[in-house]
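**Q** Provided herewith is a single structure, encoded as structure tokens, for subsequent inquiry.
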Amino acid sequence: MKKKIQIILFLFLVLFFIGCTKKNNLAKNANSSEDSLPVYLSLANDINLSYESKQKYTRKAFSIIEKNKNDSLTRANLFKIANRYFNMNDLESFKVISELVLNKAIISKDSAYMAKAYTYLGDYYSNKMISDSAFRSYFKAQKIYLQINDQYNLAKTLISKASLQYNESDFFESEISVFKALEILKTKKDVNEQLYECYNLLGILYNEREEYSKALEYQNKALNTLEDKAIPLDFQWKAASLNNIGFVYLRMKNYKEAISYFEKGLQEKNLFEERTALYAMLLDNLAYSKLKSNRMDSLSSQLYRSLKIRDSLGLKMEMISNQIHLSEYYALKKDTIRAIELSKQALFLSRSSDKLNNTLQALKQLAVVDPKNASRYSKEYIFLNDKMLKAERNMGEKFSRIEYETNEIKDQNSNLQEKNKTLVYVFSICTLLGLFFYVYKTQQARNRELLFKQQQQIANEDIYNLMISQQNEIELTRIKEKKKVAQELHDGVLGRMFGIRISLDSLDKLDESEAILKRKKYLDELKNVEQDIREISHDLNREKSELINNFVSILNKLFEDQKNTYSSKLITVFDPEIKWDLISNIVKINLYRIVQEGLQNCNKYAEADIIKVEFKNENDNLVLTIEDDGIGFNTNKTKNGIGLNNIEYRVTECKGAVTIKSAKGEGTILTIKVPIEPNNNLHNDI
């Protein structure tokens, strides 16, 4: 029994110990991931490890970081991940991490990290040779650094932008960017690395522009900055500067000095191990300088060695330079076939590049070593050279446009908050002003309408008075004519009839034969009196017709003025069936003004050769038609002016209808239809 109790106690202690051990292991595992992050980051940057191993450690580090909250430490660690991918030349992963940091920085409104992310994206697009996107990213970073007054990083961004502009042959703007960076850096301490980049880039720029003295001046300044021991030797910047100085002398055709600097560059310690590509460049430049100075010692072996190194590094575009130099070498050795073959290899390789300059160099060399096809190569050279110059100009313009558009967006964003604050006030004020303006305009329109009606009334009164005046004149003339007829009847017809009556009475006293002759004579006299009476009756009827057609005479006066004033031919037609005495004065006044307005429109706008005005009677309706053969207009698009509005208003007063038919180039037909109603105002029986 005692043994059983001891066994149970022992098992309990073992289980307790195991439980505690598991809890401690869990705690250790919770902390181990954070502790292992620096280890993973360090291993991911170890040059002695394989590419696959570095990728594996980078992913492990990222898996730890992505679980953390979005704070400055997390964003800093993500930049470290991006750097590892960049060092491994895994540019796509580099871009993904950079965009991730940018999004996190935007969410947290961290301007410094936003700008840094933009510079990383600029580096990605620059390496991918997507120049416009690279420039846009650098420029956005530049604007943010300016805003937060981070002068050091602003200078670094300007240098990156200047390098991009140089690569796109935008030399002038590149020079401006470099000097802006220098202006900042000269006020800072411990910035020799950045000063070196500025001086070196200026030296390269001036060499391209064939300002060799300035190029040497800035290259020597760059070389002098390397005396700062803080700059790591493994950058091999001294070898790069010696190569650049040698290249200036090569462009100056001072081959002796060029060879001297290239040889000094090749003598730099650990150059081949630390910057193999630079070593191959120095070797190629040295061999080419020897070729130009006719020093053939070890020439072909140096060119082939440089070519082999570049081929092993996958630097296909740099291989073009070696192939062209070898072509020149074999051309000098009179080995034309080999020279042509190497030039064609260079041309084939250059066509896979976006850099037209490589193709131009290959075509130029082919034109030299292959004279039979020189014209074909020269034509292509000229075509591609023009294309390259146009592309460079377009890229410079694109950079300027990106700067302008980015500034516009920045200005809009900076003003957006201010605009939002005042938007409600502005909207309220605009609403009140709009309401006031609407009321004012409405009142103004009413006043204009009232004034127009008053003017219409005055005009109608004037026409009415004119027609009354005409009627009075006609009435006076009629009275005069009546007096004249009365005088004619009294003095002429009645007197003669009285004489004939007396003479007839005297026939009773004469013989039958004599009375017959006298009677015949008196009958002839009665016939003459009858004829006189008939003529007087005709005159009276003619007077009535003139009275009825007085409105027509007023219109004819208007038509006569039209004919005398304007060159267009006027045709007028009056339907004899129209009973003008049945038409009221108001209708006549309005018709007169409509004709007047219609003629005025024809004269001002129609450019017509023929105008036709016609009055006719259709089913107890008076129809007025004004037609022209002018330019016409689109009745759907053209808004009615005041003239057409006046016509419509007058037709409405006459209880009539108006139609307008017109089209571009087809003239215009204005038709007015007014019902004929008995005239109770001026109708007088004669």
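Naming works like this for the structure tokens: A, B, ... for the chains as they're shown, residue 1 at the start of each chain, ligands 1 onward in shown order.
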Neighbouring residues of stretch 268-284 of chain A were defined as those with any atom within 10 Å, considering only C-alpha atoms; residues of the same chain fewer than 5 positions away were excluded. Please report them as an MDAnalysis selection string.

**A** chainID A and resid 233:240 242:244 246:247 259 261:263 289:290 299 302:310 313 315 318:319 321:322 325:326

**Q** Take atom CA of A:Asn254 and atom CA of A:Leu356 and report the distance between them in Å, one decimal.

**A**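 Atom CA of A:Leu356 lies at a distance of 27.6 Å from atom CA of A:Asn254.
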
**Q** Mind checking which residues fall within 6 Å of stretch 133-140 of chain A, counting only C-alpha atoms, ignoring those fewer than 6 positions away in the same chain, and posting them as number ranges by chain?

**A** A: 118-119, 122, 125-126

**Q** Next, dump the selected residues to file, keeping only N, CA, C and O atoms, as a PDB file, in the first residue's frame.

**A**
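Result went into selection-v3.pdb, see below:
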```
ATOM      1  N   TYR A 118       8.753  56.439 -51.985  1.00  0.00           N
ATOM      2  CA  TYR A 118       8.763  56.953 -53.353  1.00  0.00           C
ATOM      3  C   TYR A 118      10.158  56.869 -53.967  1.00  0.00           C
ATOM      4  O   TYR A 118      10.304  56.561 -55.167  1.00  0.00           O
ATOM      5  N   THR A 119      11.213  57.133 -53.161  1.00  0.00           N
ATOM      6  CA  THR A 119      12.573  57.011 -53.708  1.00  0.00           C
ATOM      7  C   THR A 119      12.886  55.565 -54.053  1.00  0.00           C
ATOM      8  O   THR A 119      13.536  55.293 -55.063  1.00  0.00           O
ATOM      9  N   GLY A 122      11.209  54.866 -57.214  1.00  0.00           N
ATOM     10  CA  GLY A 122      11.979  55.517 -58.268  1.00  0.00           C
ATOM     11  C   GLY A 122      13.175  54.678 -58.674  1.00  0.00           C
ATOM     12  O   GLY A 122      13.488  54.539 -59.865  1.00  0.00           O
ATOM     13  N   TYR A 125      11.845  51.685 -60.840  1.00  0.00           N
ATOM     14  CA  TYR A 125      11.515  52.053 -62.222  1.00  0.00           C
ATOM     15  C   TYR A 125      12.756  52.468 -62.998  1.00  0.00           C
ATOM     16  O   TYR A 125      12.851  52.229 -64.207  1.00  0.00           O
ATOM     17  N   SER A 126      13.720  53.080 -62.308  1.00  0.00           N
ATOM     18  CA  SER A 126      14.961  53.476 -62.971  1.00  0.00           C
ATOM     19  C   SER A 126      15.730  52.244 -63.433  1.00  0.00           C
ATOM     20  O   SER A 126      16.254  52.205 -64.551  1.00  0.00           O
TER      21      SER A 126
END
```

**Q** Write out as an NGL selection string the set of residues from stretch 172-317 of chain A that DSSP, computed on the backbone, places in alpha helix (DSSP H).

**A** :A and (172-185 or 192-208 or 212-225 or 237-251 or 255-266 or 271-274 or 276-292 or 299-313 or 316-317)

**Q** Here is a test: counting only C-alpha atoms, which residue of A:Ser260, A:Ser353, A:Asn590, A:Ser174 is nearest to A:Phe551?

**A**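 Once distances to A:Phe551 are computed over only C-alpha atoms, the minimum belongs to A:Asn590.
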
**Q** Would you pick out the contacts of stretch 62-70 of chain A at 10 Å or less, using only C-alpha atoms, so that residues sharing its chain but fewer than 6 positions from it are not included, and give the list as a short mmCIF file (atom, residue, chain, number, x, y, z; two decimals) with N, CA, C and O atoms, in the first residue's frame?

**A**
```
data_model
loop_
_atom_site.label_atom_id
_atom_site.label_comp_id
_atom_site.auth_asym_id
_atom_site.auth_seq_id
_atom_site.Cartn_x
_atom_site.Cartn_y
_atom_site.Cartn_z
N SER A 33 10.71 34.47 -32.04
CA SER A 33 10.53 35.05 -33.36
C SER A 33 11.07 36.47 -33.42
O SER A 33 11.76 36.84 -34.38
N GLU A 34 10.79 37.27 -32.37
CA GLU A 34 11.31 38.64 -32.33
C GLU A 34 12.82 38.63 -32.21
O GLU A 34 13.51 39.45 -32.81
N SER A 36 14.82 36.34 -33.30
CA SER A 36 15.47 35.80 -34.49
C SER A 36 15.41 36.74 -35.68
O SER A 36 16.09 36.51 -36.68
N LEU A 37 14.60 37.82 -35.64
CA LEU A 37 14.47 38.74 -36.77
C LEU A 37 15.81 39.35 -37.18
O LEU A 37 16.17 39.31 -38.37
N TYR A 40 17.80 36.69 -39.04
CA TYR A 40 17.32 36.44 -40.40
C TYR A 40 17.74 37.57 -41.35
O TYR A 40 18.16 37.32 -42.48
N LEU A 41 17.62 38.80 -40.87
CA LEU A 41 18.00 39.95 -41.70
C LEU A 41 19.49 39.92 -42.01
O LEU A 41 19.92 40.24 -43.13
N LYS A 56 15.28 32.63 -48.72
CA LYS A 56 14.57 31.94 -47.64
C LYS A 56 14.59 32.76 -46.36
O LYS A 56 13.55 32.95 -45.71
N ALA A 76 10.26 50.57 -40.74
CA ALA A 76 11.72 50.56 -40.88
C ALA A 76 12.22 49.16 -41.22
O ALA A 76 13.10 48.98 -42.08
N ASN A 77 11.66 48.16 -40.58
CA ASN A 77 12.06 46.77 -40.86
C ASN A 77 11.66 46.36 -42.28
O ASN A 77 12.37 45.59 -42.93
N LEU A 78 10.52 46.85 -42.74
CA LEU A 78 10.10 46.54 -44.11
C LEU A 78 11.07 47.14 -45.13
O LEU A 78 11.34 46.52 -46.18
N LYS A 80 14.20 47.40 -44.61
CA LYS A 80 15.34 46.49 -44.58
C LYS A 80 15.08 45.27 -45.47
O LYS A 80 15.99 44.81 -46.18
N ILE A 81 13.85 44.76 -45.44
CA ILE A 81 13.49 43.66 -46.33
C ILE A 81 13.65 44.08 -47.79
O ILE A 81 14.20 43.34 -48.62
N ALA A 82 13.16 45.30 -48.11
CA ALA A 82 13.27 45.81 -49.49
C ALA A 82 14.73 45.89 -49.91
O ALA A 82 15.09 45.54 -51.04
N ILE A 97 7.41 45.21 -51.76
CA ILE A 97 7.65 45.67 -50.38
C ILE A 97 7.61 47.19 -50.32
O ILE A 97 7.04 47.77 -49.38
N VAL A 101 5.11 49.43 -47.97
CA VAL A 101 5.54 50.47 -47.01
C VAL A 101 4.85 51.79 -47.34
O VAL A 101 4.42 52.52 -46.43
N LYS A 104 1.31 51.74 -46.05
CA LYS A 104 1.29 51.85 -44.59
C LYS A 104 1.62 53.28 -44.15
O LYS A 104 1.04 53.81 -43.20
N ALA A 105 2.57 53.91 -44.85
CA ALA A 105 2.95 55.29 -44.52
C ALA A 105 1.81 56.26 -44.80
O ALA A 105 1.58 57.21 -44.04
N ILE A 107 -1.41 55.50 -44.76
CA ILE A 107 -2.44 55.26 -43.74
C ILE A 107 -2.09 55.96 -42.43
O ILE A 107 -2.94 56.57 -41.78
N SER A 108 -0.81 55.88 -42.06
CA SER A 108 -0.38 56.48 -40.79
C SER A 108 0.03 57.95 -40.95
O SER A 108 0.47 58.58 -39.99
#
```

**Q** Quote the spacing between atom CA of A:Ile106 and atom CA of A:Asp123 in Å to one decimal place.

**A** 19.4 Å

**Q** To one decimal place, how far is atom CA of A:Gly632 from atom CA of A:Ile660 in Å?

**A** 10.7 Å

**Q** Give the answer as one residue: which of A:Thr74, A:Asn636, A:Ser42, A:Thr671 has the shortest atom-to-atom distance to A:Val651, using only C-alpha atoms?

**A**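 Using only C-alpha atoms, A:Val651 sits closest to A:Thr671.
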
**Q** Could you pull the residues within 12 Å of A:Lys569, counting only C-alpha atoms, minus those fewer than 4 positions along the same chain, as a list in words?

**A**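 Residues near the query, excluding close chain neighbours: Phe559, Glu560, Gln562, Lys563, Asn564, Thr565, Leu599, Cys602, Asn603, Glu607, Ala608, Asp609, Ile610, Ile611, Lys612, Val613, Glu627, Asp628, Asp629 and Gly630 of chain A.
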